[in-house]
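Heads up, the thing below is written out as structure tokens.
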Amino acid sequence: MASTLPPTQPPPKEDYGGDEINALVLDAGSYSIRAGFAGEDTPKSVVPSYYGLTTKGERLFGENAVHLPRGDMEIKNPYDAEGVVEDWETASRLWEYSITSRLTGARQTPPSRNGLNDGTTKDGDGDVPVEEDLEKMEEDERDRSLEEYPLLMSEPGWNTTKARERTIEIAMEEWGVPAFFLAKNGQLAAYGNGKATALVVDVGHQNTSVTAIWEGMVLRKSLMHSPLAGSFLNDQIRMMFASMQPSVPLTPHYMVKSKAPVDAGVPSAATYMNYADPPKESYRNLEEDRVLTSFKESVVQAWSGPGRLDSNLEAVKLSPPRPFEMPDGWNQVFGAERYRVAEAYFDTKSAYTDAAHPAPPNSDDSIPSLVHRALNNCDVDTRAALLGNVILTGAGSLIEKLPERLQGDLQVMYPNPRVRVLANASSVERKYGAWIGGSVLASLGTFHQMWISREEYKEYGPSLVEKRCK
């Protein structure tokens, strides 16, 4: 008999198995997909969101496949610049790969391709081809590994209704999960930090977002996001390299065959690879970004204040420079210029520009401006509590001294209430903040009745996600 529960009422325990749940948590972003079991400290599976598409139309997923240089492969990403899925077929396969490759095990090899069947074998009586039975077995085996586990997924706060409904359709209809829930990244990051009320600043790859959470609920009017994030910082480093005299050579690892040590600033003494069928430009861009990420994490630093960078140039010049070595052995020490890269997060006028980016970003896109606009959309009575619990999370927030700079800028903007920026000292916990929050949430016994069960989905359809997952 079909359930008669209204869409806003939680299902009974028998619909989701009570406390005997070993749920999966999937935090899908535009740079990487994080997956693992609820209750664990970190995701066991982290795979790139980028994938390889060969000239034959084959999709290649995972670190090993994506970073293997080959001339017949373009690097693609199923997400758009807003961090929202635009290629659903690839995204669903990528999500499935992130789960089955490390957590539940991949699908069994189809009988028709296990080397024991050639399509001409007869059955015991020698009169019926086995191929029909093999195809049925393959269909029955498809996605069975995901049917055992409830699934909690994350989403950006600005995700569209259509995208949310498509997500639950994939989980329920293609994977056959017994229960499903969709939660916003900012909400999960707050839970991961043990806060029910917080202002979450999430610096990701494509976007930086600010989300106000009040007693566990997302204040939707507060949602703000901008493109000043990790990818933007990579572009800033590229422009910084090009502006230096002499310009900094950016050579990815796959181009280097061997190298010898050289002094700082001296041209490299490397031997380079020569490919008969060289990799595509999209592949080189991806590999260059890996070098830029390494530079960003080890050299780039935010000016911690007080004041902006342009009014403290003399003090910056006194700070010790930091060395960095390129994959081909070229090396140099970087001084004041390493501060200017991250300064654009706070003062967009200081951003590097070039022919492709002739104008600096909009000042409204800076992190302090996002926070200011988000708070203006919140009730006056909530602002003091939110400013006392500003959570800085996301892989893009790992820039040294970024929490101190954000604390200083917000304190200048809001001198009366107490401003407290919370940034986990563990880089792993800050990097995977949303996933950890999902792991905490999905393992709580009190949360289990919030799952959307398969029976409810069959009765109410995908629109139920809008009513239940707020």
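The chains in the structure tokens are called A, B, ... from first to last as shown; in each chain the residues are counted from 1, and the ligands are counted from 1 in the order shown.
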
### Message
Need to verify the contact set: Tyr283 (chain A), 6 Å, only C-alpha atoms, exclusion of same-chain residues closer than 3 positions in sequence. Can you return it as a ChimeraX atom specification?
### Response
/A:75,280,286

Restrict the selected residues to all heavy atoms and save them as a compact mmCIF listing (two decimals), in the first residue's frame.
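Written out: selection02.txt:
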# COMPACT_ATOMS: atom_id res chain seq x y z
N ILE A 75 40.71 17.41 -21.91
CA ILE A 75 40.30 17.48 -20.52
C ILE A 75 39.00 18.30 -20.43
O ILE A 75 38.92 19.41 -20.94
CB ILE A 75 41.39 18.12 -19.64
CG1 ILE A 75 42.66 17.27 -19.69
CG2 ILE A 75 40.91 18.27 -18.21
CD1 ILE A 75 42.51 15.86 -19.17
N LYS A 280 46.89 17.62 -25.68
CA LYS A 280 46.12 18.80 -26.06
C LYS A 280 46.41 19.98 -25.13
O LYS A 280 46.96 19.83 -24.04
CB LYS A 280 44.63 18.49 -26.03
CG LYS A 280 44.22 17.25 -26.80
CD LYS A 280 44.27 17.44 -28.28
CE LYS A 280 43.68 16.21 -29.01
NZ LYS A 280 43.84 16.31 -30.47
N LEU A 286 45.64 21.94 -17.43
CA LEU A 286 45.38 21.22 -16.19
C LEU A 286 46.67 20.95 -15.43
O LEU A 286 46.74 21.14 -14.20
CB LEU A 286 44.67 19.90 -16.51
CG LEU A 286 44.37 19.00 -15.30
CD1 LEU A 286 43.33 19.66 -14.39
CD2 LEU A 286 43.89 17.63 -15.74

Produce a table with one row for each residue of region 133-245 of chain A that has an atom at most 12 Å from any atom of region 442-445 of chain A, each row naming the nearest atom pair and its distance in Å at one decimal; use only C-alpha atoms; arrange rows by chain and rising residue number; format as CSV.
residue,atom,partner,partner_atom,distance
A:Tyr149,CA,A:Ala442,CA,11.4
A:Pro150,CA,A:Ala442,CA,9.1
A:Leu151,CA,A:Ala442,CA,8.7
A:Leu152,CA,A:Ala442,CA,6.9
A:Met153,CA,A:Ala442,CA,10.0
A:Ser154,CA,A:Ala442,CA,11.7
A:Ala179,CA,A:Ala442,CA,11.3
A:Phe180,CA,A:Ala442,CA,10.3
A:Phe181,CA,A:Ala442,CA,9.0
A:Leu182,CA,A:Ala442,CA,10.8
A:Ala183,CA,A:Ala442,CA,10.5
A:Leu188,CA,A:Ala442,CA,10.3
A:Tyr191,CA,A:Ala442,CA,10.8
A:Gly192,CA,A:Ala442,CA,11.4

Written selection (N, CA and C atoms) as a tab-separated table (two decimals), in the first residue's frame:
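Below you can see result.tsv, which holds the result:
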chain	number	residue	atom	x	y	z
A	149	TYR	N	22.82	1.50	0.36
A	149	TYR	CA	23.17	2.61	1.25
A	149	TYR	C	22.33	3.86	1.00
A	150	PRO	N	21.78	4.46	2.06
A	150	PRO	CA	21.21	5.81	1.92
A	150	PRO	C	22.31	6.77	1.50
A	151	LEU	N	21.94	7.81	0.78
A	151	LEU	CA	22.93	8.73	0.23
A	151	LEU	C	22.61	10.17	0.62
A	152	LEU	N	23.60	10.84	1.23
A	152	LEU	CA	23.49	12.27	1.50
A	152	LEU	C	24.45	13.00	0.57
A	153	MET	N	23.93	13.96	-0.17
A	153	MET	CA	24.75	14.73	-1.11
A	153	MET	C	24.75	16.21	-0.74
A	154	SER	N	25.84	16.89	-1.11
A	154	SER	CA	25.94	18.33	-0.92
A	154	SER	C	25.57	19.05	-2.22
A	179	ALA	N	17.33	5.62	0.36
A	179	ALA	CA	16.95	6.90	0.94
A	179	ALA	C	17.93	7.97	0.49
A	180	PHE	N	17.49	9.23	0.51
A	180	PHE	CA	18.30	10.31	-0.06
A	180	PHE	C	18.05	11.60	0.70
A	181	PHE	N	19.11	12.45	0.75
A	181	PHE	CA	18.95	13.79	1.30
A	181	PHE	C	19.96	14.71	0.63
A	182	LEU	N	19.55	15.95	0.43
A	182	LEU	CA	20.38	16.95	-0.23
A	182	LEU	C	20.55	18.14	0.71
A	183	ALA	N	21.81	18.50	1.02
A	183	ALA	CA	22.07	19.59	1.96
A	183	ALA	C	23.03	20.59	1.33
A	188	LEU	N	26.40	22.25	5.81
A	188	LEU	CA	27.23	21.12	6.23
A	188	LEU	C	28.53	21.58	6.87
A	191	TYR	N	27.84	22.43	10.44
A	191	TYR	CA	27.72	21.22	11.25
A	191	TYR	C	29.09	20.60	11.52
A	192	GLY	N	29.95	20.63	10.50
A	192	GLY	CA	31.28	20.06	10.66
A	192	GLY	C	32.11	20.78	11.71

### Query
Nearest to Glu343 (chain A): which of A:Val84, A:Met326, A:Leu60, A:Leu233 is it, counting only C-alpha atoms?
A:Leu233

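Considering the residues A:Arg338, A:His448, A:Lys259, A:Lys184 and counting only C-alpha atoms, Val200 (chain A) has its shortest atom-to-atom contact with A:Lys184.
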
### Query
Leaving out Ile391 (chain A) and any residue of its chain fewer than 2 positions from it, which residues lie within 12 Å of it when counting only C-alpha atoms, given as a ChimeraX atom specification?
/A:186-203,209-213,371,386-389,393-394,397,403,406-407,419-424,430,433-434

### Query
as a PyMOL selection string, which residues of region 285-405 of chain A does DSSP assign to strand (DSSP E or B)?
chain A and resi 301+322-325+331-334+390-393+400

Generate a file of the selected residues that holds all heavy atoms, formatted as a short mmCIF file (atom, residue, chain, number, x, y, z; two decimals), in the first residue's frame.
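The file below, again00.cif, is the result:
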data_model
loop_
_atom_site.label_atom_id
_atom_site.label_comp_id
_atom_site.auth_asym_id
_atom_site.auth_seq_id
_atom_site.Cartn_x
_atom_site.Cartn_y
_atom_site.Cartn_z
N GLN A 301 50.87 34.31 0.25
CA GLN A 301 50.48 34.65 1.61
C GLN A 301 49.62 35.91 1.59
O GLN A 301 49.84 36.81 0.80
CB GLN A 301 51.71 34.88 2.48
CG GLN A 301 51.41 35.19 3.95
CD GLN A 301 52.67 35.29 4.78
OE1 GLN A 301 53.71 34.74 4.42
NE2 GLN A 301 52.59 35.99 5.90
N ARG A 322 60.33 33.90 -0.08
CA ARG A 322 60.20 32.44 -0.07
C ARG A 322 60.63 31.86 -1.41
O ARG A 322 60.29 32.40 -2.46
CB ARG A 322 58.76 32.02 0.23
CG ARG A 322 58.35 32.27 1.65
CD ARG A 322 57.00 31.69 1.96
NE ARG A 322 56.63 31.95 3.33
CZ ARG A 322 55.46 31.62 3.86
NH1 ARG A 322 54.54 31.03 3.09
NH2 ARG A 322 55.18 31.89 5.11
N PRO A 323 61.37 30.75 -1.36
CA PRO A 323 61.83 30.15 -2.62
C PRO A 323 60.79 29.21 -3.21
O PRO A 323 59.94 28.67 -2.49
CB PRO A 323 63.08 29.37 -2.18
CG PRO A 323 62.77 28.96 -0.77
CD PRO A 323 61.93 30.07 -0.18
N PHE A 324 60.87 29.02 -4.52
CA PHE A 324 60.03 28.03 -5.19
C PHE A 324 60.77 27.50 -6.40
O PHE A 324 61.40 28.26 -7.14
CB PHE A 324 58.69 28.64 -5.64
CG PHE A 324 57.74 27.61 -6.21
CD1 PHE A 324 57.01 26.79 -5.38
CD2 PHE A 324 57.60 27.46 -7.59
CE1 PHE A 324 56.13 25.84 -5.89
CE2 PHE A 324 56.74 26.52 -8.12
CZ PHE A 324 56.00 25.71 -7.27
N GLU A 325 60.72 26.18 -6.58
CA GLU A 325 61.38 25.54 -7.71
C GLU A 325 60.36 24.93 -8.64
O GLU A 325 59.46 24.20 -8.23
CB GLU A 325 62.34 24.44 -7.23
CG GLU A 325 63.09 23.76 -8.36
CD GLU A 325 64.08 22.72 -7.88
OE1 GLU A 325 64.83 23.03 -6.91
OE2 GLU A 325 64.10 21.61 -8.43
N ASN A 331 64.40 28.09 -10.44
CA ASN A 331 63.96 28.48 -9.11
C ASN A 331 64.22 29.96 -8.86
O ASN A 331 65.08 30.57 -9.51
CB ASN A 331 64.65 27.63 -8.04
CG ASN A 331 66.15 27.85 -8.00
OD1 ASN A 331 66.65 28.65 -7.21
ND2 ASN A 331 66.90 27.14 -8.85
N GLN A 332 63.48 30.51 -7.95
CA GLN A 332 63.59 31.93 -7.62
C GLN A 332 62.99 32.16 -6.23
O GLN A 332 62.19 31.34 -5.74
CB GLN A 332 62.85 32.77 -8.67
CG GLN A 332 62.97 34.28 -8.52
CD GLN A 332 64.41 34.76 -8.54
OE1 GLN A 332 65.11 34.66 -7.53
NE2 GLN A 332 64.84 35.28 -9.69
N VAL A 333 63.37 33.29 -5.62
CA VAL A 333 62.74 33.67 -4.36
C VAL A 333 61.73 34.78 -4.66
O VAL A 333 61.97 35.64 -5.51
CB VAL A 333 63.79 34.15 -3.33
CG1 VAL A 333 64.64 32.99 -2.87
CG2 VAL A 333 64.65 35.27 -3.89
N PHE A 334 60.60 34.71 -3.98
CA PHE A 334 59.50 35.65 -4.23
C PHE A 334 59.26 36.47 -2.97
O PHE A 334 59.09 35.92 -1.87
CB PHE A 334 58.23 34.89 -4.62
CG PHE A 334 58.35 34.16 -5.92
CD1 PHE A 334 58.90 32.88 -5.98
CD2 PHE A 334 57.94 34.76 -7.10
CE1 PHE A 334 59.02 32.21 -7.19
CE2 PHE A 334 58.06 34.09 -8.31
CZ PHE A 334 58.60 32.83 -8.36
N VAL A 390 32.01 33.29 12.50
CA VAL A 390 32.34 33.30 11.08
C VAL A 390 33.25 32.12 10.80
O VAL A 390 34.39 32.06 11.29
CB VAL A 390 33.02 34.61 10.67
CG1 VAL A 390 33.37 34.59 9.18
CG2 VAL A 390 32.12 35.81 10.97
N ILE A 391 32.78 31.16 10.03
CA ILE A 391 33.55 29.95 9.74
C ILE A 391 34.20 30.08 8.37
O ILE A 391 33.51 30.32 7.37
CB ILE A 391 32.64 28.71 9.79
CG1 ILE A 391 32.12 28.49 11.20
CG2 ILE A 391 33.40 27.48 9.30
CD1 ILE A 391 31.11 27.37 11.31
N LEU A 392 35.51 29.95 8.32
CA LEU A 392 36.26 29.99 7.06
C LEU A 392 36.61 28.57 6.67
O LEU A 392 37.28 27.85 7.42
CB LEU A 392 37.52 30.83 7.23
CG LEU A 392 38.37 31.07 5.97
CD1 LEU A 392 37.56 31.80 4.91
CD2 LEU A 392 39.64 31.84 6.31
N THR A 393 36.15 28.13 5.51
CA THR A 393 36.35 26.75 5.09
C THR A 393 36.61 26.68 3.59
O THR A 393 36.55 27.69 2.88
CB THR A 393 35.11 25.90 5.46
OG1 THR A 393 35.38 24.52 5.23
CG2 THR A 393 33.90 26.32 4.64
N GLU A 400 48.03 31.09 3.61
CA GLU A 400 48.56 31.49 4.92
C GLU A 400 48.11 32.91 5.29
O GLU A 400 48.11 33.81 4.45
CB GLU A 400 50.09 31.42 4.91
CG GLU A 400 50.72 31.64 6.27
CD GLU A 400 52.22 31.48 6.25
OE1 GLU A 400 52.76 30.95 5.26
OE2 GLU A 400 52.86 31.90 7.24
#

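We find CA of Glu147 (chain A) and CA of Phe37 (chain A) to be spaced 14.4 Å apart.
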
### Residue set, region 270-462 of chain A restricted to helix (DSSP H, G or I), as a ChimeraX atom specification
/A:281-298,309-311,313-318,337-343,348-350,363-365,367-376,380-387,395-398,402-413,427-431,433-442,448-450,454-460

Show me a table, sorted first by chain and then by increasing residue number, of the residues of region 236-353 of chain A having an atom at most 9 Å from region 228-231 of chain A, each with its shortest atom pair and the distance in Å to one decimal, counting only C-alpha atoms and written as a Markdown table.
| residue | atom | partner | partner_atom | distance |
| --- | --- | --- | --- | --- |
| A:Gln236 | CA | A:Ser231 | CA | 8.7 |
| A:Asp289 | CA | A:Ser231 | CA | 8.6 |
| A:Thr293 | CA | A:Gly230 | CA | 8.5 |
| A:Ala344 | CA | A:Leu228 | CA | 8.1 |
| A:Tyr345 | CA | A:Leu228 | CA | 6.5 |
